[in-house]
Every structure is written in structure tokens, then in C-alpha cells.
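Have a look at coords-v5.cif; it's mmCIF, C-alpha atoms:
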data_query
#
loop_
_atom_site.label_atom_id
_atom_site.label_comp_id
_atom_site.auth_asym_id
_atom_site.auth_seq_id
_atom_site.Cartn_x
_atom_site.Cartn_y
_atom_site.Cartn_z
CA MET A 1 -28.46 22.59 -118.07
CA HIS A 2 -28.98 24.19 -114.65
CA TYR A 3 -32.18 26.09 -113.84
CA ARG A 4 -30.21 29.33 -113.57
CA GLU A 5 -29.04 28.94 -117.17
CA LEU A 6 -32.59 28.18 -118.28
CA PHE A 7 -33.86 31.32 -116.60
CA LEU A 8 -31.19 33.53 -118.17
CA THR A 9 -31.89 32.07 -121.62
CA PHE A 10 -35.61 32.60 -121.15
CA LEU A 11 -35.10 36.19 -119.98
CA ALA A 12 -32.80 37.03 -122.90
CA LEU A 13 -35.27 35.70 -125.46
CA ILE A 14 -38.15 37.60 -123.89
CA VAL A 15 -36.18 40.85 -124.09
CA LYS A 16 -35.35 40.08 -127.71
CA SER A 17 -38.95 39.35 -128.63
CA THR A 18 -40.27 42.53 -127.00
CA SER A 19 -37.71 44.69 -128.76
CA GLU A 20 -37.95 43.05 -132.17
CA GLU A 21 -38.60 45.22 -135.21
CA ILE A 22 -42.18 44.86 -136.45
CA CYS A 23 -41.45 46.59 -139.73
CA ILE A 24 -41.68 44.29 -142.78
CA SER A 25 -38.32 44.53 -144.55
CA ARG A 26 -38.27 41.39 -146.72
CA HIS A 27 -39.52 41.73 -150.28
CA ASN A 28 -41.22 38.36 -150.86
CA ILE A 29 -43.77 37.41 -148.24
CA ASN A 30 -45.84 34.25 -147.85
CA VAL A 31 -49.13 34.52 -145.95
CA ILE A 32 -51.98 32.09 -145.42
CA GLU A 33 -55.54 32.90 -146.43
CA GLY A 34 -58.08 33.64 -143.76
CA GLU A 35 -55.65 35.18 -141.22
CA PRO A 36 -54.94 38.84 -140.43
CA PHE A 37 -51.78 40.33 -141.88
CA TYR A 38 -50.10 43.69 -142.12
CA LEU A 39 -47.43 45.54 -144.09
CA LYS A 40 -45.47 48.26 -142.33
CA HIS A 41 -42.77 50.49 -143.71
CA CYS A 42 -40.16 52.07 -141.45
CA LEU A 43 -38.95 55.43 -142.69
CA SER A 44 -35.29 56.04 -143.36
CA SER A 45 -33.45 58.77 -141.45
CA LEU A 46 -33.69 61.10 -144.48
CA ALA A 47 -37.46 60.66 -144.83
CA HIS A 48 -38.21 61.59 -141.21
CA GLY A 49 -37.83 65.29 -142.08
CA ASN A 50 -40.47 65.01 -144.82
CA GLU A 51 -43.25 63.35 -142.83
CA THR A 52 -45.71 66.00 -144.08
CA ASN A 53 -45.60 64.46 -147.58
CA THR A 54 -48.66 62.55 -148.76
CA ILE A 55 -48.59 58.79 -148.15
CA ARG A 56 -49.83 56.60 -150.96
CA TRP A 57 -50.45 52.80 -150.97
CA SER A 58 -51.03 51.01 -154.28
CA LYS A 59 -51.35 47.46 -155.63
CA SER A 60 -50.63 45.72 -158.93
CA HIS A 61 -51.21 42.15 -160.02
CA GLY A 62 -49.71 40.62 -163.17
CA SER A 63 -50.08 43.02 -166.08
CA HIS A 64 -52.54 45.27 -164.18
CA VAL A 65 -51.33 48.80 -163.48
CA LEU A 66 -50.94 50.13 -159.97
CA ALA A 67 -54.28 50.80 -158.28
CA LYS A 68 -54.46 53.18 -155.37
CA LEU A 69 -55.57 51.66 -152.06
CA ASN A 70 -57.74 53.55 -149.59
CA PRO A 71 -60.27 52.69 -146.88
CA ARG A 72 -62.97 52.47 -149.56
CA SER A 73 -61.04 49.85 -151.62
CA SER A 74 -62.22 46.93 -149.45
CA PRO A 75 -63.84 46.60 -146.03
CA ARG A 76 -61.11 44.07 -145.18
CA ILE A 77 -58.19 46.41 -145.96
CA THR A 78 -57.39 49.38 -143.77
CA VAL A 79 -54.69 52.02 -144.20
CA HIS A 80 -53.02 53.72 -141.21
CA ASN A 81 -50.24 55.96 -142.54
CA TYR A 82 -47.23 53.57 -142.74
CA ILE A 83 -49.32 50.43 -142.14
CA LEU A 84 -51.56 48.43 -144.46
CA GLU A 85 -53.74 45.88 -142.65
CA PHE A 86 -55.70 42.89 -143.99
CA TRP A 87 -58.69 41.59 -141.94
CA PRO A 88 -58.14 38.90 -143.12
CA VAL A 89 -56.03 38.09 -146.20
CA GLU A 90 -57.89 36.43 -149.10
CA LEU A 91 -56.59 34.67 -152.19
CA ASN A 92 -57.38 37.65 -154.43
CA ASP A 93 -55.07 39.86 -152.31
CA GLN A 94 -52.04 38.26 -153.96
CA GLY A 95 -49.88 40.74 -155.87
CA SER A 96 -47.36 43.57 -155.50
CA TYR A 97 -47.84 46.38 -152.99
CA ARG A 98 -46.09 49.74 -152.94
CA PHE A 99 -45.66 52.35 -150.25
CA GLN A 100 -44.77 55.85 -151.46
CA MET A 101 -44.11 59.05 -149.54
CA GLY A 102 -42.38 61.76 -151.53
CA ASN A 103 -39.26 60.21 -153.05
CA GLU A 104 -39.23 57.25 -150.65
CA THR A 105 -40.79 54.01 -151.87
CA LYS A 106 -40.97 50.44 -150.68
CA GLU A 107 -42.36 47.40 -152.53
CA TRP A 108 -43.45 43.93 -151.39
CA THR A 109 -44.65 40.85 -153.26
CA LEU A 110 -47.43 39.06 -151.41
CA ASN A 111 -48.01 35.33 -152.04
CA VAL A 112 -51.25 34.05 -150.54
CA ILE A 113 -51.23 30.32 -149.69
CA LYS A 114 -54.45 28.34 -149.67
CA ARG A 115 -55.22 26.93 -146.23
CA ASP A 116 -54.94 23.18 -145.65
CA GLU A 117 -58.18 22.18 -143.93
CA HIS A 118 -56.57 18.98 -142.61
CA SER A 119 -53.74 20.72 -140.73
CA CYS A 120 -53.45 23.53 -138.21
CA PHE A 121 -50.52 25.10 -140.09
CA SER A 122 -48.98 25.50 -143.54
CA GLU A 123 -45.55 23.93 -144.09
CA LYS A 124 -44.54 26.87 -146.30
CA LEU A 125 -44.77 29.18 -143.30
CA VAL A 126 -42.87 26.99 -140.82
CA LYS A 127 -39.68 28.27 -139.21
CA SER A 128 -37.10 25.56 -138.50
CA LYS A 129 -35.02 25.45 -135.36
CA LYS A 130 -32.44 22.93 -134.08
CA VAL A 131 -31.88 22.39 -130.37
CA ALA A 132 -29.16 20.21 -128.83
CA VAL A 133 -30.38 17.58 -126.39
CA LYS A 134 -30.18 18.68 -122.74
CA LYS A 135 -30.01 22.33 -123.86
CA ALA A 136 -32.72 24.92 -123.29
CA LEU A 137 -35.79 24.50 -125.52
CA LEU A 138 -37.85 27.70 -125.60
CA ILE A 139 -41.14 28.23 -127.41
CA ASN A 140 -42.16 31.86 -126.96
CA CYS A 141 -45.70 32.61 -128.18
CA LYS A 142 -45.82 36.39 -128.32
CA ASN A 143 -47.08 38.78 -131.00
CA SER A 144 -46.34 42.41 -130.26
CA TYR A 145 -48.31 43.91 -133.15
CA TYR A 146 -51.63 42.17 -132.45
CA GLU A 147 -51.23 42.22 -128.66
CA LYS A 148 -54.08 44.65 -128.03
CA TRP A 149 -56.54 42.40 -129.88
CA ILE A 150 -55.34 39.05 -128.45
CA ASN A 151 -57.99 37.35 -126.37
CA LYS A 152 -56.29 33.96 -125.92
CA THR A 153 -53.03 32.25 -126.87
CA SER A 154 -52.80 28.48 -127.38
CA LEU A 155 -49.78 26.23 -127.94
CA TYR A 156 -50.11 23.10 -130.06
CA LYS A 157 -47.66 20.28 -130.70
CA ASN A 158 -48.34 18.41 -133.94
CA CYS A 159 -51.79 20.06 -133.95
CA GLU A 160 -52.66 18.82 -130.43
CA LYS A 161 -53.18 21.47 -127.75
CA ILE A 162 -50.64 21.30 -124.91
CA ASP A 163 -51.09 24.72 -123.24
CA GLU A 164 -53.24 27.84 -123.21
CA ASN A 165 -52.95 31.31 -121.69
CA TYR A 166 -54.09 34.90 -121.97
CA LYS A 167 -52.14 37.27 -124.28
CA SER A 168 -48.75 35.47 -124.39
CA LEU A 169 -47.42 32.03 -123.54
CA SER A 170 -43.96 30.49 -123.19
CA MET A 171 -42.59 26.97 -122.77
CA VAL A 172 -39.04 26.43 -121.54
CA LYS A 173 -37.38 23.12 -120.61
CA ASN A 174 -34.33 20.92 -121.10
CA ALA A 175 -34.65 19.45 -124.57
CA GLU A 176 -35.24 15.72 -124.98
CA PHE A 177 -35.55 13.70 -128.17
CA THR A 178 -39.29 13.23 -127.52
CA ASP A 179 -39.74 17.02 -127.74
CA GLN A 180 -39.14 16.98 -131.49
CA GLY A 181 -42.10 18.09 -133.60
CA TYR A 182 -44.16 21.01 -134.95
CA TYR A 183 -45.12 23.64 -132.38
CA SER A 184 -47.86 26.11 -133.35
CA CYS A 185 -48.69 29.31 -131.48
CA ILE A 186 -52.28 30.26 -132.29
CA PHE A 187 -53.34 33.75 -131.24
CA SER A 188 -57.12 34.30 -131.01
CA LEU A 189 -57.97 37.92 -131.86
CA ILE A 190 -61.24 39.82 -131.42
CA ARG A 191 -61.71 42.98 -133.53
CA ASN A 192 -64.99 44.73 -134.09
CA GLY A 193 -66.79 41.72 -132.69
CA LYS A 194 -65.18 39.29 -135.14
CA LEU A 195 -62.87 36.41 -134.22
CA TYR A 196 -59.59 35.88 -136.09
CA ASN A 197 -56.67 33.49 -135.67
CA VAL A 198 -53.00 34.24 -136.30
CA THR A 199 -50.72 31.18 -136.52
CA GLN A 200 -46.98 30.95 -136.00
CA THR A 201 -45.34 27.49 -136.34
CA PHE A 202 -41.87 26.19 -135.49
CA ASN A 203 -40.34 22.89 -136.60
CA ILE A 204 -38.19 21.83 -133.63
CA THR A 205 -35.46 19.27 -134.34
CA ILE A 206 -33.63 17.75 -131.37
CA CYS A 207 -30.06 16.72 -132.20
CA GLU A 208 -27.02 15.39 -130.40
CA ASP A 209 -24.87 17.94 -128.64
CA LEU A 210 -21.82 17.89 -130.91
CA ASN A 211 -19.78 19.83 -128.35
CA ASN A 212 -20.51 17.48 -125.45
CA LYS A 213 -20.38 13.74 -126.16
CA ASN A 214 -20.81 10.86 -123.75
CA PRO A 215 -17.43 9.90 -122.24
CA VAL A 216 -16.13 6.40 -123.04
CA LEU A 217 -13.33 4.46 -121.33
CA LEU A 218 -10.92 2.77 -123.74
CA GLY A 219 -10.39 -0.98 -123.48
CA PRO A 220 -12.40 -3.87 -121.99
CA LYS A 221 -14.71 -3.28 -119.05
CA THR A 222 -12.83 -5.81 -116.89
CA ASN A 223 -9.06 -6.24 -116.94
CA TYR A 224 -7.13 -9.04 -115.17
CA VAL A 225 -3.52 -8.22 -114.31
CA ALA A 226 -1.10 -11.01 -113.27
CA VAL A 227 1.33 -9.80 -110.57
CA GLU A 228 3.86 -11.15 -108.13
CA LEU A 229 3.76 -10.30 -104.45
CA GLY A 230 6.14 -7.49 -103.59
CA GLU A 231 6.35 -5.96 -107.07
CA ASP A 232 5.25 -2.42 -108.04
CA VAL A 233 2.26 -2.17 -110.39
CA GLU A 234 1.02 0.75 -112.49
CA LEU A 235 -2.58 0.75 -113.77
CA ASN A 236 -3.37 3.15 -116.61
CA CYS A 237 -6.97 4.22 -117.31
CA SER A 238 -7.65 6.14 -120.55
CA ALA A 239 -10.90 7.66 -121.84
CA LEU A 240 -12.38 9.59 -124.72
CA ALA A 241 -13.86 12.55 -122.85
CA ASN A 242 -14.92 16.19 -122.98
CA LYS A 243 -12.96 19.06 -121.50
CA ASN A 244 -14.95 19.28 -118.25
CA ASP A 245 -15.56 15.55 -117.71
CA VAL A 246 -14.35 14.03 -114.42
CA ILE A 247 -12.15 10.90 -114.30
CA TYR A 248 -11.02 9.23 -111.07
CA TRP A 249 -10.06 5.92 -109.36
CA SER A 250 -12.03 4.25 -106.56
CA PHE A 251 -10.60 1.43 -104.44
CA TRP A 252 -12.36 1.68 -101.09
CA LYS A 253 -13.44 -1.35 -99.08
CA GLU A 254 -15.07 -1.43 -95.68
CA ASN A 255 -12.66 -2.06 -92.78
CA GLU A 256 -9.72 -2.10 -95.18
CA SER A 257 -7.01 0.49 -95.71
CA TYR A 258 -4.68 0.52 -98.70
CA THR A 259 -1.65 2.56 -97.76
CA ASN A 260 0.32 1.26 -100.73
CA VAL A 261 -2.21 2.47 -103.35
CA HIS A 262 -1.90 6.03 -104.69
CA GLU A 263 -3.71 7.87 -107.48
CA GLU A 264 -1.69 10.26 -109.60
CA LYS A 265 -2.83 13.83 -109.05
CA GLU A 266 -1.90 15.00 -112.54
CA LYS A 267 -4.01 13.78 -115.46
CA THR A 268 -2.65 13.48 -118.97
CA THR A 269 -4.71 14.94 -121.82
CA TRP A 270 -4.08 14.91 -125.56
CA ILE A 271 -5.91 15.43 -128.85
CA SER A 272 -6.02 12.63 -131.43
CA GLU A 273 -7.96 12.85 -134.71
CA GLY A 274 -9.78 15.89 -133.36
CA LYS A 275 -10.96 14.07 -130.22
CA GLN A 276 -9.85 14.77 -126.67
CA HIS A 277 -8.37 11.93 -124.62
CA VAL A 278 -7.54 11.82 -120.92
CA SER A 279 -5.70 9.26 -118.80
CA ILE A 280 -5.04 8.77 -115.09
CA ILE A 281 -2.61 6.38 -113.39
CA LEU A 282 -3.00 4.32 -110.22
CA ARG A 283 0.23 3.16 -108.57
CA ILE A 284 0.40 0.13 -106.26
CA LYS A 285 3.69 -0.26 -104.44
CA LYS A 286 4.80 -3.69 -103.24
CA VAL A 287 1.63 -5.65 -103.96
CA ASP A 288 0.38 -7.64 -100.96
CA GLU A 289 -2.39 -10.18 -100.32
CA LYS A 290 -4.99 -7.48 -99.67
CA ASN A 291 -4.54 -6.07 -103.16
CA LEU A 292 -5.33 -9.38 -104.88
CA ASN A 293 -8.81 -10.28 -106.23
CA PHE A 294 -10.07 -6.77 -105.53
CA LEU A 295 -11.81 -4.31 -107.85
CA PHE A 296 -9.89 -1.15 -108.65
CA ASN A 297 -12.51 0.91 -110.53
CA CYS A 298 -11.80 3.76 -112.93
CA THR A 299 -14.76 6.09 -113.57
CA VAL A 300 -15.33 8.87 -116.12
CA THR A 301 -18.51 10.92 -115.86
CA ASN A 302 -20.36 14.07 -116.86
CA GLU A 303 -23.90 15.36 -116.48
CA GLY A 304 -25.29 12.99 -119.10
CA SER A 305 -23.35 9.74 -118.83
CA THR A 306 -20.99 7.59 -116.73
CA ASP A 307 -18.60 4.80 -117.74
CA ILE A 308 -16.72 2.42 -115.40
CA GLN A 309 -13.73 0.16 -116.03
CA SER A 310 -12.45 -2.44 -113.50
CA PHE A 311 -8.97 -3.85 -112.86
CA ILE A 312 -8.38 -7.04 -110.82
CA LEU A 313 -4.94 -8.16 -109.62
CA LEU A 314 -4.27 -11.92 -109.74
CA ARG A 315 -1.26 -13.75 -108.35
CA LYS A 316 1.05 -14.93 -111.10
CA ASP A 317 1.38 -18.75 -111.13
CA SER A 318 5.05 -19.76 -110.66
CA THR A 319 4.51 -22.74 -112.95
CA ASP A 320 3.33 -20.55 -115.74
CA ILE A 321 5.56 -20.52 -118.78
CA SER A 322 6.46 -17.09 -120.00
CA ASN A 323 5.31 -16.15 -123.44
CA PRO A 324 8.80 -16.15 -125.11
CA VAL A 325 9.64 -19.62 -123.72
CA PHE A 326 6.24 -20.95 -124.77
CA MET A 327 6.65 -19.62 -128.28
CA ARG A 328 10.15 -21.14 -128.65
CA GLY A 329 8.84 -24.52 -127.45
CA MET A 330 5.98 -24.42 -129.92
CA ILE A 331 8.31 -23.58 -132.82
CA ILE A 332 10.73 -26.42 -131.94
CA SER A 333 7.83 -28.91 -131.64
CA VAL A 334 6.49 -27.94 -135.05
CA LEU A 335 9.93 -28.23 -136.67
CA ILE A 336 10.51 -31.69 -135.16
CA SER A 337 7.09 -32.87 -136.33
CA VAL A 338 7.79 -31.66 -139.86
CA ALA A 339 11.19 -33.38 -139.88
CA VAL A 340 9.70 -36.71 -138.71
CA VAL A 341 7.01 -36.58 -141.39
CA CYS A 342 9.59 -35.84 -144.09
CA LEU A 343 11.81 -38.72 -142.88
CA VAL A 344 8.91 -41.18 -142.99
CA VAL A 345 8.00 -40.10 -146.53
CA VAL A 346 11.60 -40.54 -147.71
CA CYS A 347 11.83 -44.01 -146.13
CA VAL A 348 8.63 -45.13 -147.84
CA ILE A 349 9.68 -43.88 -151.26
CA TYR A 350 13.29 -45.17 -151.13
CA ARG A 351 12.79 -48.23 -148.89
CA VAL A 352 14.47 -50.69 -151.33
CA ASP A 353 17.45 -48.44 -151.86
CA LEU A 354 17.80 -47.97 -148.13
CA VAL A 355 17.76 -51.72 -147.48
CA LEU A 356 20.40 -52.34 -150.14
CA PHE A 357 22.49 -49.49 -148.83
CA TYR A 358 22.25 -50.94 -145.32
CA ARG A 359 23.47 -54.35 -146.49
CA HIS A 360 26.33 -52.80 -148.37
CA LEU A 361 27.27 -50.60 -145.44
CA MET A 362 27.18 -53.34 -142.81
CA GLY A 363 28.95 -55.90 -145.05
CA ARG A 364 26.50 -58.64 -144.19
CA ASP A 365 23.75 -60.44 -146.05
CA GLU A 366 20.99 -62.14 -144.11
CA THR A 367 20.09 -64.19 -147.20
CA LEU A 368 23.26 -66.29 -146.79
CA THR A 369 21.83 -68.07 -143.76
CA ASP A 370 18.23 -68.51 -144.87
CA GLY A 371 18.86 -72.00 -146.43
CA LYS A 372 17.82 -70.99 -149.96
CA THR A 373 19.85 -71.53 -153.17
CA TYR A 374 18.41 -68.51 -154.92
CA ASP A 375 17.22 -65.16 -153.69
CA ALA A 376 14.76 -64.47 -156.49
CA PHE A 377 13.28 -66.02 -159.63
CA VAL A 378 13.28 -63.88 -162.78
CA SER A 379 10.21 -64.30 -164.98
CA TYR A 380 10.24 -62.90 -168.52
CA LEU A 381 8.96 -63.50 -172.05
CA LYS A 382 11.22 -65.71 -174.08
CA ASP A 383 9.50 -65.30 -177.46
CA CYS A 384 11.75 -63.75 -180.02
CA HIS A 385 9.54 -60.93 -181.03
CA PRO A 386 11.24 -57.60 -181.78
CA GLU A 387 9.02 -55.76 -179.33
CA ASN A 388 10.19 -58.05 -176.47
CA GLY A 389 13.89 -57.48 -177.08
CA GLU A 390 14.32 -54.83 -174.40
CA GLU A 391 12.50 -56.96 -171.82
CA TYR A 392 14.64 -59.97 -172.55
CA ALA A 393 17.86 -57.95 -172.29
CA PHE A 394 16.74 -56.43 -168.98
CA ALA A 395 15.98 -59.87 -167.46
CA VAL A 396 19.01 -61.78 -168.74
CA GLU A 397 21.69 -59.07 -168.80
CA THR A 398 20.82 -56.00 -166.69
CA LEU A 399 19.38 -57.64 -163.58
CA PRO A 400 22.20 -60.16 -163.11
CA LYS A 401 24.78 -57.48 -163.71
CA VAL A 402 23.36 -55.21 -161.00
CA LEU A 403 21.91 -57.59 -158.42
CA GLU A 404 24.43 -60.45 -158.63
CA LYS A 405 27.72 -58.77 -159.42
CA HIS A 406 27.18 -55.53 -157.50
CA PHE A 407 24.97 -56.49 -154.54
CA GLY A 408 25.71 -60.24 -154.25
CA TYR A 409 22.23 -61.66 -154.83
CA LYS A 410 21.68 -65.03 -156.51
CA LEU A 411 19.04 -64.98 -159.24
CA CYS A 412 17.32 -67.95 -160.85
CA ILE A 413 17.03 -67.31 -164.61
CA PHE A 414 15.07 -69.95 -166.47
CA GLU A 415 17.20 -70.59 -169.56
CA ARG A 416 20.41 -70.19 -167.60
CA ASP A 417 19.75 -72.11 -164.41
CA ILE A 418 16.91 -74.54 -165.16
CA VAL A 419 17.98 -77.83 -166.76
CA PRO A 420 15.20 -79.75 -168.47
CA GLY A 421 14.17 -82.58 -166.18
CA GLY A 422 16.26 -81.11 -163.38
CA VAL A 423 15.23 -80.47 -159.78
CA THR A 424 13.65 -77.06 -159.13
CA GLY A 425 12.99 -77.52 -155.43
CA ALA A 426 16.37 -76.23 -154.38
CA PHE A 427 14.73 -72.80 -153.80
CA GLU A 428 11.35 -71.52 -152.75
CA VAL A 429 9.53 -69.32 -155.16
CA THR A 430 7.10 -66.92 -153.46
CA PRO A 431 5.24 -63.94 -154.84
CA SER A 432 7.53 -61.67 -152.90
CA SER A 433 10.69 -63.19 -154.42
CA GLU A 434 9.72 -63.06 -158.09
CA VAL A 435 11.32 -60.51 -160.32
CA GLU A 436 9.32 -59.99 -163.48
CA GLY A 437 11.11 -58.77 -166.52
#

Transcribe the structure of this file into C-alpha cells.
Amino acid sequence: MHYRELFLTFLALIVKSTSEEICISRHNINVIEGEPFYLKHCLSSLAHGNETNTIRWSKSHGSHVLAKLNPRSSPRITVHNYILEFWPVELNDQGSYRFQMGNETKEWTLNVIKRDEHSCFSEKLVKSKKVAVKKALLINCKNSYYEKWINKTSLYKNCEKIDENYKSLSMVKNAEFTDQGYYSCIFSLIRNGKLYNVTQTFNITICEDLNNKNPVLLGPKTNYVAVELGEDVELNCSALANKNDVIYWSFWKENESYTNVHEEKEKTTWISEGKQHVSIILRIKKVDEKNLNFLFNCTVTNEGSTDIQSFILLRKDSTDISNPVFMRGMIISVLISVAVVCLVVVCVIYRVDLVLFYRHLMGRDETLTDGKTYDAFVSYLKDCHPENGEEYAFAVETLPKVLEKHFGYKLCIFERDIVPGGVTGAFEVTPSSEVEG
């Protein structure tokens, strides 16, 4: 806030405080023991014509009837027509008080609070006030009613003295978060040679200015833009900002002139989700070498904060693969890899079938030229047990039917091809050529 605004705020509050009504209009009143206090009734417009009527002050407490108050009631209590003064208030002054003049009456309920000896104020008598940060914080210590008795005025923050003056005292400044706390104005009064204190305390809370937030640029702080020489480029800078915030581009360099760089004069503003946004465009026509690897800065600022975002133009590599081409290449590579893996799995699972199919398809059999009489020896159980019947049938009937008649293999079956005492060396039996039934 400017000093002129601070001065006007200070002046307005002073005028308000000097013209404030000192009549006590509220019905329930809290006061602290040991300090002076007064009750004052302001007459209505109808009662002003009957000011000759007798004025009567009275008090009641609990079930006690109204008792008339007069200067002889207590040396601490004085009556001055429309005003009832306490020098000072004590705990036994608690109760209901009535002012009566003719048909006009006014009642108050007085609650006397016991003083806390460990604090300079009572929390029940604190007035709360919120001040936005950077706005005017004003503490005005002034008491119009007791002004003629005031000898000294002191200002305390959290019960530590920060200032002192004669009669009245004021503090005005731009609010900061460290200013938060309890501020007590203590007026020192002298009356009839006796010293009294009157305390007035404010609880000052410093909060964020909800109407003026710090501006923030949207996106990363540094942006790299790939360009080709000779092309036109448009840089867009957007920010979350307040109404009066300033946003602009800066691209100045010593001994360099950029005639092909132009900032848009018109800014675009819009409201989204209750927040104001603003954007500004920088146009670069026919990018040249001087525009490359150079900082084009976008700045948004107000009185409280500044944010900067940078854009750097880089030459686009001619060997770079565009994103669509790169994505298509990646997809094709993945599909080929999946197909190869599937083919390998199929070959492993059906390798025998594939070999037999190959022989059948090509019409050739490499076993015909290997010099062996038999291609495989079939081993099986020959015992005539019922549970071995299926095994015997598979070895003697099924295998020859499929392998010999259909695929052309020559099998050596013991009871069919082996003659007792005959030669068995006409073929080689290896673990890989045995067929077990």
C-alpha cells in the first residue's frame, strides 16, 4: 500500500474515533475489576423535552430489590446526571443497573471479571480484528471519555511495551505476518491524586489478501522449442494473475537487434473456476541464427511478487524422426517380435509333426541313404497280462500302421523281426531311435 493510502486510512479512523458515541447502548457489559468504568445513557428525542424530571439510578443483584444509588452509596461510585462512574469497579459491583427519568428507563447487566495477575489483559475483553498482509494496520489508542484524566498512554504487544506517549497514541504500518498478536492500549489516569489504569486490547490476525494473490506463470520455468530456420514461430505465455498485474515479454541483448520479433499488444484474459487468467503472445517471423539458443523471457509481476518463464529456440535436427513415424516403427517392431516368439514356441511344441510333414511334402527320406536296415526299435512288454493289452496293441499294431504304412519308416519289432539265433547287427540301436511301447 502506498503512503498516501496509509495516511488517508489513518485520517479516516481518527475522525471516526473522535466522533464515536460514548453512550453505553449494549445491555450486557463485561468489565475487569480494578479499572475505572462508566455507564452513560443518551436520551431519546422525546425525553429531551422532559429534562427537568428527576433522574434516578438504582441497582439490583440476584433476588435483591432495586437499591437507589447516590453519592453517599459508595466513595467509589459517583453520579453525574446521565452518567454513573466507578472509581474503580470491584467484584461486588456486579449486578443490574437502571437509569430512570420520568417514563424513560434504561437497564444494563454488569459482569465483573476477576483480573489475571499473570497477564496485562483479560481475554474476555479482547476485540478481534483481521488485517490482510500488505494492507494498512492501525492501532489507535484513544479514549475520549477519560481524556481529561489521562497522564500517559502506553502500547503493548503481547504484554511487552513497544511505544509510549502523552494522552493518545497511534501505530500505522503495512501489515506483515510478524505483526500478529495481542495489542493493549493502557491509559494511565490520575484523579484526585490516585492512579488508575484503563486497558483496551485488540487481537490482530494477519491473513492472506484473498483479493490479491501472487501471480503464477503456467507451465515449466524453462521451455525448449525445436524450430527450423525460416519458419514462423508463436510463443504463448499464460499466467494465473490478478486484474492489475502486469505481464510482458523481454528479449533484449546488448548489440543485438531483433527486427523479426514482435510482442502482441492485446492480451487475452478469461475466468476459469473463479480464477482470472491472462496470456500474451510473442511472434517470431522467419527464424534466423540470432534467434537460436537465446532466452525469450515472459514476466508477470505485481507489488508483492514476480514470476519469470523462459523460452529457448533450438534448431530442429534433420535426422530426427518425427513422432508419428517413430511410433509406427515401434509398433511394427513389437508385432514382429511377438510373431517370432510365437513361431518359435509352435516349432518347439510340434517339432516332430513338422519334420514328418516336411518329409511328406518334399517326397524324400534321408533315412534311405543312412545305411541302416531299420529306423527304430520298438520295445514293449510281451507278458500276457490283461493290463498290458493296450500297450502290446499299440506297439505291434498301431505304430507299424502309422509309421510304416503312412510315413514309410521301417520298424524293428522283436517278435516279428528278430529270429532266435539270428543276426541283430543289421541296424544300430541308439537311445534316440528306440520307440517304447

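Comparing the minimum interatomic distances between Tyr145 of chain A and each of A:His61, A:His27, A:Lys243, A:Lys40, counting all atoms listed in the file, we find that A:Lys40 sits nearest.
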
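Interatomic distance, atom CA of Thr373 of chain A to atom CA of Phe394 of chain A: 22.1 Å.
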
Which residue of A:Glu33, A:Glu90, A:Tyr82, A:Ile190 approaches Ser122 of chain A most closely, using all atoms listed in the file: A:Glu33

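Residues matching the PyMOL selection byres ((chain A and resi 81) around 10) in this structure come to Lys40, His41, Thr54, Ile55, Arg56, Trp57, Thr78, Val79, His80, Tyr82, Ile83, Leu84, Phe99 and Met101 of chain A.
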
Residue IDs satisfying the PyMOL selection byres ((chain A and resi 216) around 12), as a PyMOL selection string: chain A and resi 213-215+217-221+237-242+245-247+275-279+298-302+304-309

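Taking atom CA of Val378 of chain A and atom CA of Ala395 of chain A as the two end points, the separation is 6.7 Å.
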
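Across A:Leu125, A:Lys401, A:Phe407, A:Asp209, the tightest approach to Tyr358 of chain A is made by A:Phe407 when counting all atoms listed in the file.
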
Residues returned when the PyMOL selection byres ((chain A and resi 204) around 8) runs on this file, as a ChimeraX atom specification: /A:128-131,179-183,202-203,205-206
